[in-house]
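Containing compact mmCIF, C-alpha atoms: run34.txt.
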```
# COMPACT_ATOMS: atom_id res chain seq x y z
CA MET N 902 32.11 -28.21 -44.99
CA GLY N 903 30.11 -25.09 -44.16
CA CYS N 904 27.73 -25.65 -47.07
CA TYR N 905 27.53 -29.36 -46.25
CA ASN N 906 26.71 -28.71 -42.62
CA CYS N 907 24.11 -26.15 -43.62
CA CYS N 908 22.45 -28.61 -46.01
CA MET N 909 22.48 -31.36 -43.40
CA ARG N 910 20.96 -29.00 -40.87
CA CYS N 911 18.19 -28.03 -43.29
CA LEU N 912 17.48 -31.65 -44.19
CA GLY N 913 17.48 -32.56 -40.52
CA GLY N 914 14.84 -29.94 -39.83
CA ILE N 915 12.34 -31.50 -42.26
CA PRO N 916 9.57 -33.40 -40.43
CA TYR N 917 9.52 -36.44 -42.71
CA THR N 918 6.73 -38.12 -40.78
CA SER N 919 4.47 -35.09 -41.14
CA LEU N 920 5.49 -34.74 -44.77
CA VAL N 921 4.48 -38.33 -45.55
CA GLY N 922 1.15 -37.86 -43.79
CA THR N 923 0.51 -34.61 -45.66
CA LEU N 924 1.26 -36.21 -49.04
CA MET N 925 -1.03 -39.12 -48.20
CA CYS N 926 -3.82 -36.74 -47.25
CA PHE N 927 -3.33 -34.62 -50.37
CA SER N 928 -3.35 -37.63 -52.70
CA GLY N 929 -6.34 -39.26 -50.98
CA VAL N 930 -8.46 -36.12 -50.98
CA ALA N 931 -7.53 -35.33 -54.60
CA LEU N 932 -8.43 -38.86 -55.68
CA PHE N 933 -11.69 -38.86 -53.76
CA CYS N 934 -12.82 -35.39 -54.83
CA GLY N 935 -11.73 -35.59 -58.47
CA CYS N 936 -13.00 -39.10 -59.20
CA GLY N 937 -16.10 -38.67 -57.02
CA HIS N 938 -17.13 -35.48 -58.80
CA GLN N 939 -16.83 -37.03 -62.25
CA ALA N 940 -18.45 -40.30 -61.11
CA LEU N 941 -21.53 -38.41 -59.89
CA THR N 942 -21.82 -36.65 -63.25
CA GLU N 943 -21.60 -39.97 -65.13
CA THR N 944 -24.14 -41.55 -62.77
CA GLU N 945 -26.66 -38.86 -63.60
CA ARG N 946 -26.18 -39.55 -67.31
CA LEU N 947 -26.50 -43.31 -66.79
CA ILE N 948 -29.75 -42.95 -64.83
CA GLU N 949 -31.13 -40.51 -67.39
CA ASP N 950 -30.35 -42.74 -70.37
CA TYR N 951 -31.34 -46.19 -69.08
CA PHE N 952 -33.45 -46.03 -65.91
CA ALA N 953 -35.74 -43.01 -66.28
CA ARG N 954 -37.69 -41.48 -69.15
CA ASN N 955 -39.22 -38.40 -67.58
CA LEU N 956 -37.28 -35.52 -66.13
CA GLN N 957 -39.50 -35.43 -63.05
CA ASP N 958 -38.43 -38.97 -62.17
CA TYR N 959 -34.77 -38.10 -61.60
CA ILE N 960 -34.87 -34.36 -60.92
CA THR N 961 -34.47 -34.98 -57.20
CA LEU N 962 -31.44 -37.17 -57.84
CA ALA N 963 -29.96 -34.46 -60.06
CA TYR N 964 -30.30 -31.89 -57.26
CA ILE N 965 -28.75 -34.27 -54.72
CA ILE N 966 -25.81 -34.93 -57.04
CA GLN N 967 -25.32 -31.18 -57.49
CA TYR N 968 -25.30 -30.64 -53.72
CA PHE N 969 -22.78 -33.43 -53.25
CA GLN N 970 -20.53 -31.84 -55.86
CA TYR N 971 -20.62 -28.56 -53.94
CA ILE N 972 -19.70 -30.47 -50.78
CA ILE N 973 -16.76 -32.00 -52.66
CA TYR N 974 -15.53 -28.50 -53.57
CA ALA N 975 -15.71 -27.48 -49.90
CA LEU N 976 -13.92 -30.65 -48.75
CA ALA N 977 -11.10 -30.13 -51.22
CA SER N 978 -10.55 -26.53 -50.07
CA PHE N 979 -10.76 -27.39 -46.38
CA PHE N 980 -8.35 -30.32 -46.50
CA PHE N 981 -5.90 -28.34 -48.63
CA LEU N 982 -5.64 -25.68 -45.92
CA TYR N 983 -5.73 -28.16 -43.05
CA CYS N 984 -2.93 -30.29 -44.49
CA ILE N 985 -0.75 -27.19 -44.83
CA LEU N 986 -1.43 -26.33 -41.17
CA LEU N 987 -0.58 -29.88 -40.12
CA LEU N 988 2.68 -29.71 -42.03
CA ALA N 989 3.49 -26.39 -40.35
CA GLU N 990 2.74 -27.97 -36.99
CA GLY N 991 5.11 -30.79 -37.90
CA PHE N 992 7.89 -28.30 -38.63
CA TYR N 993 7.24 -26.62 -35.30
CA THR N 994 7.28 -29.76 -33.21
CA THR N 995 10.19 -31.52 -34.88
CA SER N 996 13.18 -32.04 -32.61
CA ALA N 997 15.57 -30.28 -35.00
CA ALA N 998 13.48 -27.11 -34.88
CA LYS N 999 13.34 -27.38 -31.11
CA GLN N 1000 17.12 -27.52 -30.92
CA THR N 1001 17.33 -24.49 -33.20
CA PHE N 1002 14.99 -22.33 -31.14
CA GLY N 1003 15.91 -23.73 -27.74
CA GLU N 1004 16.05 -26.94 -25.82
CA PHE N 1005 12.47 -28.14 -25.95
CA ARG N 1006 10.94 -24.81 -25.16
CA SER N 1007 7.17 -24.77 -25.41
CA THR N 1008 4.79 -21.91 -24.75
CA VAL N 1009 1.26 -22.16 -23.46
CA CYS N 1010 -0.02 -21.10 -26.88
CA GLY N 1011 2.03 -23.82 -28.59
CA ARG N 1012 0.72 -26.47 -26.22
CA CYS N 1013 -2.85 -25.33 -26.78
CA LEU N 1014 -2.40 -25.40 -30.56
CA GLY N 1015 -0.89 -28.88 -30.41
CA THR N 1016 -3.78 -30.19 -28.30
CA THR N 1017 -6.28 -28.51 -30.63
CA PHE N 1018 -4.73 -30.16 -33.68
CA ILE N 1019 -4.87 -33.55 -31.98
CA ALA N 1020 -8.55 -33.14 -31.09
CA VAL N 1021 -9.55 -31.80 -34.52
CA THR N 1022 -7.63 -34.52 -36.35
CA TYR N 1023 -9.30 -37.19 -34.23
CA ALA N 1024 -12.76 -35.70 -34.92
CA LEU N 1025 -12.02 -35.53 -38.65
CA ALA N 1026 -10.91 -39.17 -38.64
CA VAL N 1027 -14.20 -40.23 -37.01
CA LEU N 1028 -16.26 -38.15 -39.46
CA TRP N 1029 -14.26 -39.37 -42.42
CA LEU N 1030 -14.93 -42.95 -41.35
CA VAL N 1031 -18.62 -42.22 -42.07
CA VAL N 1032 -17.68 -40.75 -45.47
CA TYR N 1033 -15.61 -43.84 -46.21
CA ALA N 1034 -18.56 -46.10 -45.38
CA PHE N 1035 -20.96 -44.11 -47.59
CA SER N 1036 -18.49 -44.09 -50.49
CA ALA N 1037 -18.80 -47.88 -50.56
CA LEU N 1038 -22.53 -47.72 -51.41
CA PRO N 1039 -22.18 -46.76 -55.10
CA VAL N 1040 -19.41 -49.34 -55.46
CA PHE N 1041 -21.82 -51.94 -54.07
CA PHE N 1042 -24.54 -50.87 -56.53
CA PHE N 1043 -22.30 -51.06 -59.58
CA TYR N 1044 -20.77 -54.33 -58.36
CA ASN N 1045 -24.23 -55.90 -58.18
CA MET N 1046 -25.01 -54.53 -61.60
CA ALA N 1047 -21.81 -55.96 -63.09
CA SER N 1048 -22.39 -59.33 -61.41
CA THR N 1049 -25.93 -59.52 -62.80
CA CYS N 1050 -24.64 -58.71 -66.28
CA HIS N 1051 -22.05 -61.46 -65.96
CA ILE N 1052 -24.77 -63.97 -65.04
CA ILE N 1053 -26.88 -62.82 -68.00
CA ASP N 1054 -23.96 -63.34 -70.39
CA GLU N 1055 -23.46 -66.87 -69.09
CA LEU N 1056 -27.15 -67.76 -69.40
CA SER N 1057 -27.73 -66.05 -72.73
CA GLU N 1058 -26.78 -69.18 -74.69
CA SER N 1059 -29.20 -71.40 -72.74
CA THR N 1060 -32.98 -71.48 -72.68
CA ALA N 1061 -33.19 -69.75 -69.32
CA ASN N 1062 -35.45 -66.73 -69.00
CA ILE N 1063 -32.87 -63.98 -68.57
CA ASN N 1064 -35.52 -61.26 -68.66
CA GLN N 1065 -36.20 -61.95 -65.00
CA LEU N 1066 -32.70 -60.78 -64.08
CA CYS N 1067 -32.99 -57.06 -63.44
CA ILE N 1068 -31.41 -54.13 -61.63
CA ASP N 1069 -34.01 -51.86 -60.08
CA ALA N 1070 -32.66 -48.40 -59.25
CA ARG N 1071 -35.76 -47.73 -57.16
CA GLN N 1072 -34.73 -50.37 -54.64
CA TYR N 1073 -31.50 -48.47 -53.98
CA GLY N 1074 -33.30 -45.16 -53.44
CA LEU N 1075 -31.97 -43.58 -56.62
CA LEU N 1076 -35.44 -43.09 -58.13
CA PRO N 1077 -38.96 -42.79 -56.69
CA TRP N 1078 -41.20 -45.85 -56.81
CA ASN N 1079 -43.43 -44.32 -59.48
CA ALA N 1080 -40.50 -43.86 -61.88
CA ILE N 1081 -40.86 -45.54 -65.28
CA PRO N 1082 -39.26 -47.93 -66.11
CA GLY N 1083 -36.99 -47.65 -63.04
CA LYS N 1084 -35.26 -50.93 -63.85
CA VAL N 1085 -33.28 -52.58 -66.63
CA CYS N 1086 -33.55 -56.31 -67.37
CA GLY N 1087 -32.19 -59.04 -69.60
CA MET N 1088 -30.07 -58.26 -72.62
CA THR N 1089 -30.76 -54.56 -72.23
CA LEU N 1090 -28.97 -54.69 -68.90
CA SER N 1091 -26.12 -56.68 -70.42
CA ASN N 1092 -25.70 -54.13 -73.20
CA THR N 1093 -25.76 -51.34 -70.63
CA CYS N 1094 -22.88 -52.93 -68.73
CA LYS N 1095 -20.84 -53.03 -71.94
CA THR N 1096 -21.07 -49.30 -72.54
CA LYS N 1097 -18.16 -46.97 -71.87
CA GLU N 1098 -20.31 -44.88 -69.53
CA PHE N 1099 -20.87 -47.82 -67.19
CA GLN N 1100 -17.23 -48.95 -67.15
CA LEU N 1101 -15.98 -45.39 -66.60
CA THR N 1102 -18.45 -44.70 -63.79
CA TYR N 1103 -17.64 -48.00 -62.07
CA ASP N 1104 -13.88 -47.34 -62.22
CA LEU N 1105 -14.32 -43.78 -60.96
CA PHE N 1106 -16.32 -44.89 -57.94
CA ILE N 1107 -13.69 -47.52 -57.11
CA ALA N 1108 -10.97 -44.85 -57.34
CA ALA N 1109 -13.02 -42.48 -55.13
CA PHE N 1110 -13.49 -45.27 -52.59
CA ALA N 1111 -9.74 -45.92 -52.59
CA GLY N 1112 -9.08 -42.18 -52.16
CA ALA N 1113 -11.41 -42.07 -49.15
CA GLY N 1114 -9.49 -44.99 -47.64
CA ILE N 1115 -6.14 -43.27 -48.19
CA THR N 1116 -7.47 -40.09 -46.58
CA LEU N 1117 -8.71 -42.06 -43.57
CA LEU N 1118 -5.30 -43.68 -43.16
CA ALA N 1119 -3.62 -40.27 -43.44
CA LEU N 1120 -5.85 -38.80 -40.71
CA LEU N 1121 -5.21 -41.73 -38.37
CA TYR N 1122 -1.51 -41.52 -39.16
CA GLY N 1123 -1.47 -37.79 -38.45
CA PHE N 1124 -3.40 -38.22 -35.21
CA LEU N 1125 -1.02 -40.89 -33.90
CA HIS N 1126 2.00 -38.83 -34.93
CA LEU N 1127 0.75 -35.68 -33.21
CA ALA N 1128 -0.18 -37.56 -30.06
CA THR N 1129 3.17 -39.36 -29.95
CA MET N 1130 5.10 -36.13 -30.52
CA ARG N 1131 3.07 -34.42 -27.82
CA LEU N 1132 3.94 -37.14 -25.30
CA TYR N 1133 7.60 -37.07 -26.38
CA LEU N 1134 7.90 -33.32 -25.87
CA ARG N 1135 6.22 -33.55 -22.48
CA GLU N 1136 8.69 -36.24 -21.42
CA GLN N 1137 11.63 -34.18 -22.66
CA GLN N 1138 10.42 -31.13 -20.73
CA ARG N 1139 10.09 -33.21 -17.58
CA LYS N 1140 13.64 -34.53 -17.97
CA HIS N 1141 14.89 -31.03 -18.74
CA LYS N 1142 13.45 -29.68 -15.51
CA ALA N 1143 14.73 -32.64 -13.50
CA GLU N 1144 18.33 -32.06 -14.67
CA PHE N 1145 18.51 -28.55 -13.17
CA VAL N 1146 17.29 -29.13 -9.67
CA ASP N 1147 19.73 -27.63 -7.16
CA LEU N 1148 19.32 -30.31 -4.54
CA ASP N 1149 18.32 -33.92 -4.79
CA LEU N 1150 16.71 -36.04 -2.15
CA PHE N 1151 20.02 -37.43 -0.81
CA GLY N 1152 21.89 -34.13 -0.50
CA THR N 1153 24.50 -34.89 -3.15
CA PRO N 1154 25.91 -32.31 -5.55
CA VAL N 1155 23.86 -31.92 -8.73
CA MET N 1156 24.23 -29.92 -11.94
CA ASP N 1157 23.09 -26.36 -11.89
CA TRP N 1158 22.41 -24.89 -15.34
CA LYS N 1159 24.00 -21.53 -14.47
CA ARG N 1160 26.92 -22.35 -12.18
CA GLY N 1161 27.95 -25.84 -13.22
CA ILE N 1162 28.69 -28.20 -10.30
CA CYS N 1163 27.38 -26.81 -7.01
CA SER N 1164 27.22 -28.03 -3.43
CA PRO N 1165 23.98 -28.82 -1.67
CA TYR N 1166 25.39 -27.11 1.45
CA GLY N 1167 25.38 -23.41 1.95
CA ALA N 1168 28.49 -21.26 1.76
CA PRO N 1169 30.55 -21.15 5.03
CA ASP N 1170 30.00 -18.19 7.23
CA GLN N 1171 32.66 -15.52 6.95
CA GLU N 1172 34.48 -14.59 10.16
CA LEU N 1173 33.91 -11.05 11.28
```

Here is the file; what I need is its structure written in the form of structure tokens.
Amino acid sequence: MGCYNCCMRCLGGIPYTSLVGTLMCFSGVALFCGCGHQALTETERLIEDYFARNLQDYITLAYIIQYFQYIIYALASFFFLYCILLLAEGFYTTSAAKQTFGEFRSTVCGRCLGTTFIAVTYALAVLWLVVYAFSALPVFFFYNMASTCHIIDELSESTANINQLCIDARQYGLLPWNAIPGKVCGMTLSNTCKTKEFQLTYDLFIAAFAGAGITLLALLYGFLHLATMRLYLREQQRKHKAEFVDLDLFGTPVMDWKRGICSPYGAPDQEL
């Protein structure tokens, strides 16, 4: 029974809500960073092989891709540390840990840290919403490219002029307007869509977009959990203080935390 009670006490001290949020954040960031990094590398190869002939035409894009990959490294490191801190905060604020270290005791430093985590998590959720929106742009580009290739395949058996169906990378800002050729048309575009590089890059961008969505959900989940726990602890502290008031409004005996049941009236005067 001693071992059983010890195990139950340890399991009861695990903040499962914080643990789920941390795992969601870890998986989302790993999916976004890993797939996004490889997708950017494959995009550079795809642009180099099919949309641009001169190095000067896509050198700016190559530098931008390199900078984004460095940002991905920084994001992965930051969220790894931040998720660990959020999990530690979850262990601190869980009710089981509060009962272990005292009945809902909270220091000024602990309250400040909790409020700081709430504010930072909210700010990260707002910023990550922008990242989530931008991660949809490459998915939109490759979706248009795949849709155009599908139309070309359907019209290839007819007499329609399929050479007018093109994907121009310059219109999406990937290449400067003086880049040659800058676009791929007709059967060349259809053959490009059938390559392994295109399919791999498309799938990687979809996975990165899904990872950004999971991370956004994890941040919102963590923010709501921290805010709810903060309100719960404040309510428990208020009730805790209200239980140990010596005298209520109606002058009836109340519970005193040191002496048990006490009287609202003073002790009788001793006769001299």

Contact check, range 1004-1115 of chain N to range 984-992 of chain N, at most 9 Å, counting only C-alpha atoms, closest pairs as a tab-separated table:
```
residue	atom	partner	partner_atom	distance
N:Leu1014	CA	N:Glu990	CA	8.6
N:Gly1015	CA	N:Glu990	CA	7.6
N:Phe1018	CA	N:Leu987	CA	7.7
```

Fill in: Counting all atoms listed in the file, the option among N:Cys936, N:Ala1128, N:Met1046, N:Ile1019 closest to Gly1112 in chain N
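Looking at the shortest contact to Gly1112 in chain N, the residue is N:Cys936.
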
Worksheet entry | Nearest to Leu1056 in chain N by atom-to-atom distance, counting only C-alpha atoms, from N:Tyr1033, N:Lys1097, N:Gly1074, N:Met1088 |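 When distances to Leu1056 in chain N are compared using only C-alpha atoms, the smallest one comes from N:Met1088.
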
Selection near Ile948 in chain N, 9 Å with all atoms listed in the file, sequence-local residues under 6 positions removed, as a compact mmCIF listing (two decimals) with C-alpha atoms, keeping the file's coordinate frame:
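Result went into part.txt, see below:
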```txt
# COMPACT_ATOMS: atom_id res chain seq x y z
CA TYR N 959 -34.77 -38.10 -61.60
CA ALA N 1070 -32.66 -48.40 -59.25
CA LEU N 1075 -31.97 -43.58 -56.62
CA LEU N 1076 -35.44 -43.09 -58.13
CA GLY N 1083 -36.99 -47.65 -63.04
```

Just the residues within 9 Å of range 1100-1104 of chain N, please, counting all atoms listed in the file, with nothing from its chain fewer than 3 positions along; format it as a PDB file with C-alpha atoms, in the coordinates of the input.
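Saved result, part.pdb, follows:
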```pdb
ATOM      1  CA  CYS N 936     -13.000 -39.100 -59.200  1.00  0.00           C
ATOM      2  CA  GLN N 939     -16.830 -37.030 -62.250  1.00  0.00           C
ATOM      3  CA  ALA N 940     -18.450 -40.300 -61.110  1.00  0.00           C
ATOM      4  CA  LEU N 941     -21.530 -38.410 -59.890  1.00  0.00           C
ATOM      5  CA  THR N 942     -21.820 -36.650 -63.250  1.00  0.00           C
ATOM      6  CA  GLU N 943     -21.600 -39.970 -65.130  1.00  0.00           C
ATOM      7  CA  THR N 944     -24.140 -41.550 -62.770  1.00  0.00           C
ATOM      8  CA  LEU N 947     -26.500 -43.310 -66.790  1.00  0.00           C
ATOM      9  CA  PRO N1039     -22.180 -46.760 -55.100  1.00  0.00           C
ATOM     10  CA  VAL N1040     -19.410 -49.340 -55.460  1.00  0.00           C
ATOM     11  CA  PHE N1043     -22.300 -51.060 -59.580  1.00  0.00           C
ATOM     12  CA  TYR N1044     -20.770 -54.330 -58.360  1.00  0.00           C
ATOM     13  CA  CYS N1094     -22.880 -52.930 -68.730  1.00  0.00           C
ATOM     14  CA  LYS N1095     -20.840 -53.030 -71.940  1.00  0.00           C
ATOM     15  CA  THR N1096     -21.070 -49.300 -72.540  1.00  0.00           C
ATOM     16  CA  LYS N1097     -18.160 -46.970 -71.870  1.00  0.00           C
ATOM     17  CA  ILE N1107     -13.690 -47.520 -57.110  1.00  0.00           C
ATOM     18  CA  ALA N1108     -10.970 -44.850 -57.340  1.00  0.00           C
ATOM     19  CA  ALA N1109     -13.020 -42.480 -55.130  1.00  0.00           C
TER      20      ALA N1109
END
```

Worksheet item: Hey, which of N:Gln957, N:Asn1062, N:Ser928, N:Thr1089 ends up closest to Ala977 in chain N? Count all atoms listed in the file.
Response: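 Of N:Gln957, N:Asn1062, N:Ser928, N:Thr1089, the one nearest Ala977 in chain N is N:Ser928, counting all atoms listed in the file.
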
Worksheet item: How many Å lie between CA of Ala1020 in chain N and CA of Met1130 in chain N, rounded to one decimal?
Response: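 Result for CA of Ala1020 in chain N versus CA of Met1130 in chain N: 14.0 Å, one decimal.
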
Discussion item. At a cut-off of 9 Å, using all atoms listed in the file, what residues contact Ser1091 in chain N? Leave out same-chain residues fewer than 3 positions from it and give the result as a list in words.
Written reply: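 Contacts, with the query itself left out: Ala1047, Thr1049, Cys1050, His1051, Ile1053, Asp1054, Cys1086, Gly1087, Met1088, Cys1094 and Lys1095 of chain N.
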